[in-house]
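Engineer: This is query_10.cif, which holds mmCIF, C-alpha atoms:
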data_start
loop_
_atom_site.label_atom_id
_atom_site.label_comp_id
_atom_site.auth_asym_id
_atom_site.auth_seq_id
_atom_site.Cartn_x
_atom_site.Cartn_y
_atom_site.Cartn_z
CA MET A 1 64.17 -58.64 51.96
CA ASP A 2 62.31 -55.43 52.74
CA ASN A 3 59.22 -56.79 50.96
CA LEU A 4 59.39 -59.98 53.05
CA LYS A 5 59.55 -57.98 56.28
CA LYS A 6 56.65 -55.75 55.20
CA LYS A 7 54.45 -58.70 54.19
CA THR A 8 55.25 -60.57 57.40
CA PHE A 9 54.55 -57.51 59.54
CA PHE A 10 51.25 -56.63 57.87
CA THR A 11 50.09 -60.26 57.98
CA ILE A 12 50.73 -60.51 61.73
CA PHE A 13 49.35 -57.02 62.41
CA ILE A 14 46.14 -57.60 60.45
CA ILE A 15 45.46 -61.04 61.98
CA ILE A 16 45.90 -59.84 65.57
CA SER A 17 43.95 -56.63 64.85
CA LEU A 18 41.05 -58.60 63.40
CA PHE A 19 40.90 -60.72 66.56
CA ALA A 20 40.85 -57.59 68.73
CA ILE A 21 38.14 -55.96 66.61
CA PHE A 22 36.13 -59.19 66.58
CA PHE A 23 36.10 -59.50 70.38
CA ALA A 24 35.24 -55.80 70.84
CA THR A 25 32.40 -56.10 68.30
CA PHE A 26 31.13 -59.36 69.85
CA PHE A 27 31.14 -57.77 73.33
CA ASN A 28 29.07 -54.76 72.17
CA ILE A 29 26.66 -56.88 70.16
CA GLN A 30 26.02 -59.13 73.15
CA ILE A 31 25.23 -56.19 75.45
CA TYR A 32 23.07 -54.53 72.76
CA HIS A 33 21.12 -57.75 72.20
CA ARG A 34 20.59 -58.19 75.95
CA GLU A 35 19.22 -54.67 76.36
CA TYR A 36 17.08 -54.88 73.22
CA THR A 37 15.55 -58.17 74.40
CA GLY A 38 14.87 -56.73 77.85
CA ILE A 39 13.07 -53.72 76.40
CA LEU A 40 11.02 -55.84 74.00
CA THR A 41 10.06 -58.25 76.78
CA ASN A 42 8.81 -55.45 79.05
CA LEU A 43 6.83 -53.77 76.26
CA THR A 44 5.18 -57.04 75.32
CA ARG A 45 4.45 -58.05 78.91
CA MET A 46 2.76 -54.74 79.74
CA LYS A 47 0.62 -54.92 76.62
CA ASN A 48 -0.53 -58.43 77.51
CA LEU A 49 -1.46 -57.34 81.02
CA THR A 50 -3.50 -54.36 79.86
CA ASN A 51 -5.26 -56.45 77.20
CA GLN A 52 -6.80 -58.52 79.98
CA ARG A 53 -9.06 -55.59 80.95
CA HIS A 54 -10.04 -54.53 77.43
CA GLU A 55 -13.64 -54.98 76.25
CA PRO A 56 -14.52 -54.54 72.56
CA PHE A 57 -17.38 -52.51 71.09
CA ASP A 58 -16.67 -49.54 73.37
CA LYS A 59 -18.19 -51.20 76.37
CA GLU A 60 -17.36 -49.92 79.77
CA ILE A 61 -13.67 -50.23 80.60
CA LYS A 62 -12.86 -52.55 83.44
CA PRO A 63 -10.88 -50.97 86.26
CA LEU A 64 -7.19 -51.76 86.52
CA ASN A 65 -6.35 -54.59 88.80
CA ASP A 66 -3.57 -54.34 91.36
CA ASP A 67 -1.29 -56.66 89.37
CA ILE A 68 -0.94 -53.99 86.69
CA ARG A 69 -0.87 -50.95 88.94
CA ASN A 70 1.65 -52.35 91.41
CA ARG A 71 4.00 -54.07 88.96
CA LYS A 72 7.54 -52.72 89.21
CA VAL A 73 10.39 -53.00 86.69
CA MET A 74 13.87 -52.89 88.13
CA ASP A 75 16.13 -52.10 85.17
CA TYR A 76 14.06 -49.64 83.14
CA GLU A 77 11.78 -46.64 83.54
CA VAL A 78 8.46 -48.08 82.32
CA TYR A 79 5.21 -46.09 82.10
CA THR A 80 1.73 -47.31 81.18
CA PHE A 81 -1.02 -45.04 79.91
CA ILE A 82 -4.59 -46.40 79.90
CA LEU A 83 -6.68 -45.12 76.99
CA ASN A 84 -10.37 -44.73 76.30
CA LYS A 85 -11.24 -43.49 72.84
CA ASN A 86 -7.54 -42.55 72.58
CA LYS A 87 -7.79 -40.28 75.58
CA ILE A 88 -5.47 -40.85 78.53
CA ILE A 89 -7.60 -41.84 81.51
CA ASP A 90 -4.91 -43.24 83.76
CA LYS A 91 -1.12 -43.08 84.15
CA ILE A 92 1.06 -45.62 85.91
CA SER A 93 4.80 -45.55 86.68
CA HIS A 94 6.37 -48.99 87.08
CA SER A 95 9.48 -47.57 88.71
CA ASP A 96 10.29 -45.25 91.60
CA ASN A 97 10.23 -42.21 89.28
CA ASP A 98 7.21 -39.98 88.94
CA ILE A 99 5.73 -39.42 85.51
CA SER A 100 7.24 -36.20 84.18
CA ASN A 101 5.63 -33.74 81.82
CA GLU A 102 8.13 -34.81 79.16
CA ILE A 103 6.82 -38.37 79.31
CA ILE A 104 3.21 -37.16 79.18
CA ASN A 105 3.96 -34.97 76.16
CA LYS A 106 5.70 -37.90 74.49
CA ALA A 107 2.64 -40.09 75.09
CA GLU A 108 0.29 -37.48 73.61
CA ASN A 109 2.51 -37.12 70.52
CA ILE A 110 2.55 -40.87 69.96
CA ILE A 111 -1.24 -41.07 70.26
CA SER A 112 -1.84 -38.17 67.88
CA ASN A 113 0.70 -39.28 65.27
CA ASN A 114 -0.20 -42.97 65.01
CA SER A 115 -3.41 -44.29 63.50
CA THR A 116 -2.52 -47.98 63.84
CA ASN A 117 -1.08 -50.24 66.50
CA LYS A 118 2.67 -49.84 66.63
CA LEU A 119 5.65 -51.23 68.53
CA LYS A 120 8.80 -49.17 68.14
CA ILE A 121 12.20 -49.63 69.74
CA GLY A 122 14.55 -48.29 67.08
CA CYS A 123 18.29 -47.93 67.47
CA LEU A 124 19.30 -48.02 71.11
CA TYR A 125 22.34 -45.84 70.38
CA TRP A 126 20.16 -42.90 69.28
CA ASN A 127 16.58 -43.14 70.58
CA LYS A 128 15.45 -41.91 73.99
CA TYR A 129 12.16 -43.80 74.11
CA ALA A 130 10.67 -47.12 73.06
CA TYR A 131 6.93 -47.74 73.08
CA ASN A 132 4.13 -50.18 72.36
CA TYR A 133 0.89 -48.49 71.31
CA GLU A 134 -2.51 -50.18 70.97
CA ILE A 135 -5.32 -47.92 69.81
CA ASN A 136 -8.06 -47.21 72.35
CA ASN A 137 -6.47 -49.55 74.87
CA SER A 138 -3.03 -48.72 76.21
CA LEU A 139 0.37 -47.17 75.57
CA THR A 140 3.55 -48.41 77.23
CA ILE A 141 6.62 -46.17 77.10
CA ILE A 142 10.12 -47.07 78.25
CA ASN A 143 12.68 -44.35 78.84
CA ILE A 144 15.87 -45.88 77.40
CA THR A 145 18.13 -42.86 77.98
CA ASN A 146 20.18 -44.71 80.60
CA THR A 147 20.45 -47.71 78.31
CA ARG A 148 21.58 -45.52 75.45
CA ASN A 149 24.20 -43.80 77.61
CA MET A 150 25.47 -47.15 78.90
CA LEU A 151 25.75 -48.60 75.38
CA LEU A 152 27.52 -45.49 74.07
CA THR A 153 29.93 -45.55 77.01
CA ASN A 154 30.73 -49.21 76.35
CA LEU A 155 31.21 -48.46 72.66
CA ILE A 156 33.57 -45.54 73.35
CA ILE A 157 35.55 -47.56 75.88
CA SER A 158 35.81 -50.42 73.37
CA LEU A 159 37.06 -48.06 70.67
CA LEU A 160 39.63 -46.56 73.05
CA LEU A 161 40.79 -50.01 74.13
CA VAL A 162 41.06 -51.14 70.50
CA SER A 163 43.01 -47.97 69.65
CA ILE A 164 45.42 -48.53 72.53
CA GLY A 165 45.53 -52.19 71.60
CA GLU A 166 46.48 -51.30 68.03
CA VAL A 167 49.58 -49.50 69.32
CA ILE A 168 50.48 -52.52 71.42
CA ILE A 169 49.73 -54.84 68.50
CA TYR A 170 51.96 -52.70 66.27
CA ILE A 171 54.87 -53.04 68.69
CA ILE A 172 54.27 -56.78 69.15
CA SER A 173 54.01 -57.29 65.37
CA LYS A 174 57.32 -55.48 64.86
CA LYS A 175 59.01 -57.67 67.45
CA ILE A 176 57.54 -60.89 66.04
CA THR A 177 58.49 -59.83 62.50
CA GLU A 178 62.08 -59.20 63.56
CA TRP A 179 62.18 -62.55 65.34
CA ILE A 180 60.74 -64.45 62.35
CA THR A 181 62.83 -62.72 59.67
CA LYS A 182 66.10 -62.61 61.63
CA PRO A 183 67.33 -66.04 60.42
CA VAL A 184 66.31 -65.18 56.85
CA LEU A 185 68.06 -61.80 57.06
CA GLU A 186 71.22 -63.37 58.44
CA SER A 187 71.18 -65.98 55.68
CA PHE A 188 70.55 -63.29 53.07
CA ASN A 189 73.43 -61.17 54.37
CA ARG A 190 75.74 -64.18 54.42
CA GLU A 191 74.75 -64.91 50.83
CA LYS A 192 75.51 -61.33 49.75
CA GLU A 193 78.85 -61.37 51.56
CA PHE A 194 79.71 -64.72 49.99
CA VAL A 195 78.92 -63.44 46.49
CA ALA A 196 80.99 -60.31 47.05
CA ASN A 197 83.93 -62.16 48.61
CA ALA A 198 83.85 -64.98 46.07
CA SER A 199 83.77 -62.49 43.21
CA HIS A 200 86.76 -60.63 44.60
CA GLU A 201 88.68 -63.86 45.18
CA LEU A 202 87.94 -65.14 41.67
CA LYS A 203 88.84 -61.90 39.95
CA THR A 204 92.61 -62.08 40.55
CA PRO A 205 93.27 -65.72 39.48
CA LEU A 206 91.01 -65.21 36.49
CA ALA A 207 93.02 -62.18 35.42
CA VAL A 208 96.22 -64.25 35.69
CA MET A 209 94.68 -67.05 33.61
CA MET A 210 93.58 -64.62 30.92
CA ALA A 211 97.06 -63.08 30.79
CA ASN A 212 98.65 -66.51 30.45
CA ILE A 213 96.23 -67.47 27.70
CA ASP A 214 97.16 -64.34 25.76
CA SER A 215 100.83 -65.24 26.03
CA LEU A 216 100.41 -68.78 24.71
CA GLU A 217 101.73 -69.42 21.25
CA VAL A 218 98.89 -69.91 18.82
CA ASN A 219 99.17 -72.48 16.02
CA LYS A 220 96.77 -74.50 13.96
CA LYS A 221 96.74 -77.34 16.48
CA ASN A 222 95.79 -75.37 19.58
CA GLU A 223 94.10 -72.30 18.07
CA LYS A 224 90.62 -73.74 18.57
CA TRP A 225 91.22 -74.61 22.25
CA ILE A 226 92.89 -71.33 23.09
CA ASN A 227 90.01 -69.37 21.50
CA ASN A 228 87.54 -71.41 23.53
CA LEU A 229 89.51 -70.65 26.70
CA LYS A 230 89.53 -66.94 25.87
CA SER A 231 85.80 -66.93 25.19
CA GLU A 232 84.90 -68.69 28.42
CA SER A 233 87.35 -66.57 30.42
CA ASP A 234 85.79 -63.42 29.03
CA ARG A 235 82.35 -64.70 29.96
CA MET A 236 83.49 -65.55 33.47
CA SER A 237 85.14 -62.15 33.83
CA ASN A 238 81.91 -60.46 32.74
CA LEU A 239 79.88 -62.53 35.21
CA ILE A 240 82.21 -61.68 38.09
CA SER A 241 82.01 -57.99 37.20
CA ARG A 242 78.21 -58.13 37.19
CA LEU A 243 78.19 -59.93 40.54
CA LEU A 244 80.41 -57.22 41.98
CA ASP A 245 78.07 -54.57 40.53
CA LEU A 246 75.12 -56.36 42.13
CA SER A 247 76.90 -56.47 45.47
CA LYS A 248 77.78 -52.77 45.32
CA THR A 249 74.21 -51.68 44.56
CA GLU A 250 72.96 -53.60 47.61
CA TYR A 251 75.14 -51.47 49.89
CA LEU A 252 74.53 -47.96 48.58
CA LYS A 253 74.78 -45.47 51.44
CA LYS A 254 72.81 -42.26 51.63
CA GLU A 255 75.87 -40.32 52.76
CA ASN A 256 77.37 -40.94 49.30
CA PHE A 257 74.39 -39.27 47.60
CA SER A 258 74.61 -35.77 46.15
CA LYS A 259 72.49 -33.39 44.10
CA ASN A 260 72.88 -34.27 40.41
CA ASN A 261 71.28 -33.18 37.18
CA ILE A 262 69.79 -36.52 36.18
CA SER A 263 68.39 -34.97 32.98
CA MET A 264 71.94 -34.54 31.76
CA ILE A 265 73.00 -38.00 32.95
CA ILE A 266 70.21 -39.69 31.01
CA GLU A 267 70.68 -37.50 27.92
CA LYS A 268 74.40 -38.36 27.71
CA ARG A 269 73.79 -42.07 28.21
CA ALA A 270 71.13 -42.08 25.45
CA LEU A 271 73.63 -40.48 23.04
CA ILE A 272 76.25 -43.13 23.85
CA PHE A 273 73.82 -45.96 23.04
CA GLU A 274 72.74 -44.50 19.70
CA SER A 275 75.57 -46.29 17.87
CA LEU A 276 74.60 -49.65 19.39
CA ALA A 277 70.96 -49.06 18.48
CA TYR A 278 71.96 -48.08 14.92
CA GLU A 279 73.32 -51.62 14.34
CA LYS A 280 69.74 -52.92 14.66
CA ASN A 281 68.25 -49.97 12.75
CA ILE A 282 66.68 -48.77 15.99
CA THR A 283 66.30 -45.07 16.66
CA ILE A 284 66.32 -43.54 20.13
CA GLU A 285 63.99 -40.63 20.81
CA THR A 286 64.14 -38.68 24.05
CA ASN A 287 61.60 -36.51 25.80
CA ILE A 288 63.61 -35.29 28.78
CA THR A 289 62.63 -32.37 30.97
CA GLU A 290 65.70 -30.21 31.47
CA LYS A 291 67.51 -29.51 34.73
CA ILE A 292 65.84 -32.05 36.98
CA ASN A 293 68.01 -32.18 40.07
CA TYR A 294 67.81 -35.16 42.36
CA LEU A 295 69.67 -36.35 45.45
CA CYS A 296 71.19 -39.58 44.20
CA HIS A 297 74.28 -41.70 43.63
CA LYS A 298 75.46 -40.48 40.24
CA GLU A 299 77.29 -43.62 39.10
CA SER A 300 74.32 -45.80 40.05
CA ILE A 301 71.83 -43.66 38.11
CA ASP A 302 74.16 -43.85 35.13
CA GLU A 303 74.25 -47.64 35.52
CA LEU A 304 70.46 -47.77 35.84
CA ILE A 305 69.73 -45.96 32.59
CA SER A 306 72.44 -47.96 30.81
CA ILE A 307 70.81 -51.24 31.85
CA LEU A 308 67.33 -50.10 30.77
CA ILE A 309 68.47 -48.78 27.36
CA ASP A 310 70.64 -51.84 26.71
CA ASN A 311 67.72 -54.09 27.62
CA ALA A 312 65.39 -52.15 25.29
CA ILE A 313 67.87 -52.47 22.39
CA SER A 314 68.49 -56.17 23.02
CA HIS A 315 64.81 -57.08 23.08
CA GLY A 316 63.53 -54.46 20.64
CA GLU A 317 62.48 -55.20 17.09
CA GLU A 318 64.67 -54.12 14.21
CA ASN A 319 63.61 -50.95 12.41
CA SER A 320 61.72 -49.82 15.51
CA LYS A 321 62.01 -46.95 17.97
CA ILE A 322 62.92 -46.58 21.64
CA ASN A 323 61.38 -43.73 23.62
CA ILE A 324 63.05 -42.38 26.74
CA ASN A 325 60.86 -40.05 28.79
CA LEU A 326 61.83 -38.15 31.91
CA ILE A 327 59.32 -35.86 33.58
CA LYS A 328 58.89 -34.21 36.97
CA ASP A 329 55.38 -34.13 38.41
CA LYS A 330 54.83 -32.52 41.81
CA ASN A 331 56.72 -34.70 44.31
CA GLU A 332 57.95 -37.40 41.98
CA ILE A 333 60.23 -38.01 39.01
CA LYS A 334 59.11 -40.50 36.37
CA LEU A 335 61.51 -42.25 34.00
CA GLU A 336 60.15 -44.40 31.15
CA VAL A 337 62.04 -46.54 28.63
CA ILE A 338 59.67 -47.87 25.97
CA ASN A 339 60.49 -50.28 23.15
CA LYS A 340 58.55 -52.30 20.61
CA GLY A 341 59.16 -56.02 20.83
CA GLU A 342 58.06 -59.31 22.28
CA PRO A 343 55.73 -58.54 25.22
CA ILE A 344 56.41 -59.52 28.82
CA SER A 345 53.65 -61.67 30.29
CA THR A 346 51.86 -60.54 33.43
CA ASP A 347 53.38 -63.41 35.42
CA GLU A 348 56.89 -62.33 34.47
CA CYS A 349 56.55 -58.62 35.23
CA GLU A 350 57.89 -59.19 38.76
CA LYS A 351 60.13 -62.20 38.08
CA ILE A 352 62.34 -60.41 35.53
CA PHE A 353 63.82 -58.35 38.38
CA GLU A 354 65.02 -61.45 40.21
CA ARG A 355 68.68 -62.39 40.10
CA PHE A 356 69.64 -64.87 37.36
CA TYR A 357 66.07 -65.00 36.06
CA ARG A 358 65.84 -65.59 32.32
CA ASN A 359 62.94 -66.35 30.04
CA ASP A 360 64.17 -68.80 27.44
CA LYS A 361 62.09 -67.06 24.79
CA SER A 362 63.80 -63.72 25.16
CA HIS A 363 66.65 -63.99 27.68
CA ASN A 364 69.71 -66.10 27.04
CA ARG A 365 73.46 -66.09 27.55
CA LYS A 366 74.40 -64.60 24.26
CA ASN A 367 76.31 -61.35 24.47
CA GLY A 368 77.31 -62.21 28.03
CA ARG A 369 73.84 -61.92 29.57
CA TYR A 370 73.25 -63.70 32.86
CA GLY A 371 69.97 -62.25 34.13
CA LEU A 372 71.62 -59.80 36.53
CA GLY A 373 71.06 -56.47 34.77
CA LEU A 374 67.47 -55.90 35.85
CA ALA A 375 68.24 -57.17 39.35
CA ILE A 376 70.96 -54.51 39.58
CA ALA A 377 68.53 -51.91 38.23
CA LYS A 378 65.98 -52.79 40.90
CA ASN A 379 68.62 -52.59 43.65
CA ILE A 380 69.56 -49.11 42.47
CA VAL A 381 65.95 -47.92 42.38
CA VAL A 382 65.11 -49.41 45.80
CA SER A 383 68.27 -47.86 47.29
CA HIS A 384 66.89 -44.49 46.15
CA ASN A 385 63.49 -45.23 47.79
CA GLY A 386 61.90 -45.57 44.37
CA ASN A 387 59.76 -48.13 42.54
CA ILE A 388 60.36 -49.89 39.26
CA LYS A 389 57.91 -51.94 37.23
CA ALA A 390 57.54 -53.36 33.74
CA TYR A 391 54.44 -53.95 31.65
CA SER A 392 53.51 -54.62 28.03
CA LYS A 393 50.59 -53.13 26.13
CA ASP A 394 49.69 -52.99 22.41
CA GLY A 395 53.04 -54.46 21.35
CA TYR A 396 55.14 -52.06 23.41
CA THR A 397 57.06 -52.81 26.61
CA THR A 398 57.56 -50.08 29.20
CA PHE A 399 59.99 -49.97 32.08
CA GLU A 400 58.78 -47.30 34.51
CA VAL A 401 60.82 -45.88 37.39
CA ILE A 402 59.31 -43.56 39.99
CA PHE A 403 61.49 -41.55 42.38
CA LYS A 404 59.81 -39.76 45.30
CA ILE A 405 61.39 -36.32 45.72
CA ASN A 406 60.00 -35.69 49.21
CA GLU A 407 61.66 -38.81 50.57
CA HIS A 408 65.13 -37.30 50.21
#
Would you mind writing the file's structure down as structure tokens?

Structural biologist:
Amino acid sequence: MDNLKKKTFFTIFIIISLFAIFFATFFNIQIYHREYTGILTNLTRMKNLTNQRHEPFDKEIKPLNDDIRNRKVMDYEVYTFILNKNKIIDKISHSDNDISNEIINKAENIISNNSTNKLKIGCLYWNKYAYNYEINNSLTIINITNTRNMLLTNLIISLLLVSIGEVIIYIISKKITEWITKPVLESFNREKEFVANASHELKTPLAVMMANIDSLEVNKKNEKWINNLKSESDRMSNLISRLLDLSKTEYLKKENFSKNNISMIIEKRALIFESLAYEKNITIETNITEKINYLCHKESIDELISILIDNAISHGEENSKININLIKDKNEIKLEVINKGEPISTDECEKIFERFYRNDKSHNRKNGRYGLGLAIAKNIVVSHNGNIKAYSKDGYTTFEVIFKINEH
């Protein structure tokens, strides 16, 4: 259920965030393109006007006509420098601003550093000037400082609005997620309550039935039927017990947790299972770091390691070995149970932790197995804010549990 809420939340959050980022990006691109086009248009227009009075072969330069000298540009600071043999012979301001020494120095630097015609605008977020230079004819410079400042201001405002919007989007996504998952959560809770209540209700009449079966007189005529009843009653009793275990692990409360030496818990449980493993000629080897203390529910951790070892024995090859590793690394505790046997496919690595899931090749109802053990194990791990996964490699299957120490 937690995974469903997380996936729903992140899906909604990412979709809305992408829309917000898209509109902010589109807005800034549109303004940038408008300013860039305006600057390019003015540079090109001024060059075309000055070209009308250019004569090749170093003939005498025609005087500037009034159309060039009196042309004004409203939105930009535009300056034209008339050249003769790359010397500035005239300076014109196409705005209300006078030509400053900084602009003159900029013009002289452009002339001295360029040996070919060049039009340069560059990045409007960084550059202060754009220019169009034609050797021995003219140089047009546009001061784009105001444009740069305006674009940067718009960009900063957009980023601030997106940042504020992300907070709002986060809150909205949480609300929408709760609204969407509420019916599912209610249904899920009703299902868990039904399983728990049904298991409790079935337990008592089943116990009475089993007691009555034991008291029946056995003879050759009814021995077969009574044995069948006993077998099925035992299976049903085992199933009800597992359902109750599943229900309990879904309601583990943090206030029932206490500091426990899980190294000792796992070591003891491994010793208990050695006799069961011996029946299949399987040996259990442990590599357990001593005195690892962890805030946990002791009985649940005991149940967890029991399920993992029992699973390893059940699906392990005869005459093989099971390795149980427990190590502490910085802020986490890692538990591994490794056995040699039939591998788990990649598609099944998540499914095997689902309730009642069984792979016909390796999971069946023999020995009272109903596909609940690994579901219980996952509930226990999740209740302790941990992660559990399974994978197979080189003929070995590993069940890995990670507990985060700093989360307790």

Engineer: In Å, how far is it from CA of Val78 (chain A) to CA of Asn105 (chain A)?

Structural biologist: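 CA of Asn105 (chain A) lies 15.2 Å from CA of Val78 (chain A).
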
Engineer: Got a sec to resolve the PyMOL selection byres ((chain A and resi 378) around 12) on this structure and send the residues as a count of residues only?

Structural biologist: 38

Engineer: Tell me which residues the PyMOL selection byres ((chain A and resi 43) around 9) grabs here, as a ChimeraX atom specification.

Structural biologist: /A:38-42,44-48,78,119,130-132,140-142

Engineer: Need the neighbours of (62.9, -50.1, 12.6): which residues are at most 8 Å away, counting all atoms listed in the file, as an MDAnalysis selection string?

Structural biologist: chainID A and resid 280:283 317:321

Engineer: Selection from above, C-alpha atoms, as a PDB file, in the coordinates of the input, can you write it?

Structural biologist:
ATOM      1  CA  LYS A 280      69.740 -52.920  14.660  1.00  0.00           C
ATOM      2  CA  ASN A 281      68.250 -49.970  12.750  1.00  0.00           C
ATOM      3  CA  ILE A 282      66.680 -48.770  15.990  1.00  0.00           C
ATOM      4  CA  THR A 283      66.300 -45.070  16.660  1.00  0.00           C
ATOM      5  CA  GLU A 317      62.480 -55.200  17.090  1.00  0.00           C
ATOM      6  CA  GLU A 318      64.670 -54.120  14.210  1.00  0.00           C
ATOM      7  CA  ASN A 319      63.610 -50.950  12.410  1.00  0.00           C
ATOM      8  CA  SER A 320      61.720 -49.820  15.510  1.00  0.00           C
ATOM      9  CA  LYS A 321      62.010 -46.950  17.970  1.00  0.00           C
TER      10      LYS A 321
END

Engineer: Suppose you want the space between CA of Asn261 (chain A) and CA of Ile288 (chain A); what is it in Å?

Structural biologist: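 The value is 11.6 Å.
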
Engineer: One number please: CA of Pro183 (chain A) to CA of Ala20 (chain A), in Å, one decimal.

Structural biologist: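 According to the coordinates, CA of Pro183 (chain A) and CA of Ala20 (chain A) are separated by 29.0 Å.
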
Engineer: Go through the shown structure with the PyMOL selection byres ((chain A and resi 86-92) around 8) and write out the matching residues as a PDB file with C-alpha atoms, in the coordinates of the input.

Structural biologist:
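Result file out.pdb:
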ATOM      1  CA  ARG A  69      -0.870 -50.950  88.940  1.00  0.00           C
ATOM      2  CA  TYR A  79       5.210 -46.090  82.100  1.00  0.00           C
ATOM      3  CA  THR A  80       1.730 -47.310  81.180  1.00  0.00           C
ATOM      4  CA  PHE A  81      -1.020 -45.040  79.910  1.00  0.00           C
ATOM      5  CA  ILE A  82      -4.590 -46.400  79.900  1.00  0.00           C
ATOM      6  CA  LEU A  83      -6.680 -45.120  76.990  1.00  0.00           C
ATOM      7  CA  ASN A  84     -10.370 -44.730  76.300  1.00  0.00           C
ATOM      8  CA  LYS A  85     -11.240 -43.490  72.840  1.00  0.00           C
ATOM      9  CA  SER A  93       4.800 -45.550  86.680  1.00  0.00           C
ATOM     10  CA  HIS A  94       6.370 -48.990  87.080  1.00  0.00           C
ATOM     11  CA  ILE A  99       5.730 -39.420  85.510  1.00  0.00           C
ATOM     12  CA  ILE A 111      -1.240 -41.070  70.260  1.00  0.00           C
ATOM     13  CA  ILE A 135      -5.320 -47.920  69.810  1.00  0.00           C
ATOM     14  CA  ASN A 136      -8.060 -47.210  72.350  1.00  0.00           C
ATOM     15  CA  ASN A 137      -6.470 -49.550  74.870  1.00  0.00           C
TER      16      ASN A 137
END

Engineer: Identify, on the basis of all atoms listed in the file, every residue whose closest approach to Ile172 (chain A) does not exceed 12 Å; exclude the query and any residue fewer than 2 positions from it along the same chain; express the result as number ranges by chain.

Structural biologist: A: 9-10, 12-14, 16-17, 165-170, 174-179

Engineer: How would you write as a list in words the residues that get within 9 Å of (16.0, -44.8, 77.8) in the file's frame, counting all atoms listed in the file?

Structural biologist: Tyr76, Glu77, Leu124, Asn127, Lys128, Tyr129, Ala130, Ile142, Asn143, Ile144, Thr145, Asn146, Thr147, Arg148 and Asn149 of chain A

Engineer: Keeping only C-alpha atoms, write the selected residues to a file as a PDB file, in the frame of the given file.

Structural biologist:
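New file result-v2.pdb:
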ATOM      1  CA  TYR A  76      14.060 -49.640  83.140  1.00  0.00           C
ATOM      2  CA  GLU A  77      11.780 -46.640  83.540  1.00  0.00           C
ATOM      3  CA  LEU A 124      19.300 -48.020  71.110  1.00  0.00           C
ATOM      4  CA  ASN A 127      16.580 -43.140  70.580  1.00  0.00           C
ATOM      5  CA  LYS A 128      15.450 -41.910  73.990  1.00  0.00           C
ATOM      6  CA  TYR A 129      12.160 -43.800  74.110  1.00  0.00           C
ATOM      7  CA  ALA A 130      10.670 -47.120  73.060  1.00  0.00           C
ATOM      8  CA  ILE A 142      10.120 -47.070  78.250  1.00  0.00           C
ATOM      9  CA  ASN A 143      12.680 -44.350  78.840  1.00  0.00           C
ATOM     10  CA  ILE A 144      15.870 -45.880  77.400  1.00  0.00           C
ATOM     11  CA  THR A 145      18.130 -42.860  77.980  1.00  0.00           C
ATOM     12  CA  ASN A 146      20.180 -44.710  80.600  1.00  0.00           C
ATOM     13  CA  THR A 147      20.450 -47.710  78.310  1.00  0.00           C
ATOM     14  CA  ARG A 148      21.580 -45.520  75.450  1.00  0.00           C
ATOM     15  CA  ASN A 149      24.200 -43.800  77.610  1.00  0.00           C
TER      16      ASN A 149
END

Engineer: I need the residue nearest Thr153 (chain A) from this list: A:Ile266, A:Thr116, A:Tyr125, A:Lys5. Use all atoms listed in the file for the distance.

Structural biologist: A:Tyr125

Engineer: What are the centre and the three edge lengths of an axis-aligned box that wraps all atoms of region 306-311 of chain A in the file, given that 6 Å is added to every side, written as lines of an AutoDock Vina configuration file and rounded to one decimal in Å?

Structural biologist:
center_x = 69.9
center_y = -51.0
center_z = 29.3
size_x = 17.1
size_y = 18.1
size_z = 17.1

Engineer: Go through A:Gln30, A:Lys330, A:Tyr36, A:Ile21 and flag the residue nearest Ile164 (chain A), using all atoms listed in the file for the distances.

Structural biologist: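 Smallest separation from Ile164 (chain A) among the options: A:Ile21.
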
Engineer: Looking at A:Ser100, A:Glu342, A:Gly122, A:Leu151, which one is nearest to Arg34 (chain A), with distances taken over all atoms listed in the file?

Structural biologist: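 Going through A:Ser100, A:Glu342, A:Gly122, A:Leu151 one by one, the smallest distance to Arg34 (chain A) is for A:Leu151.
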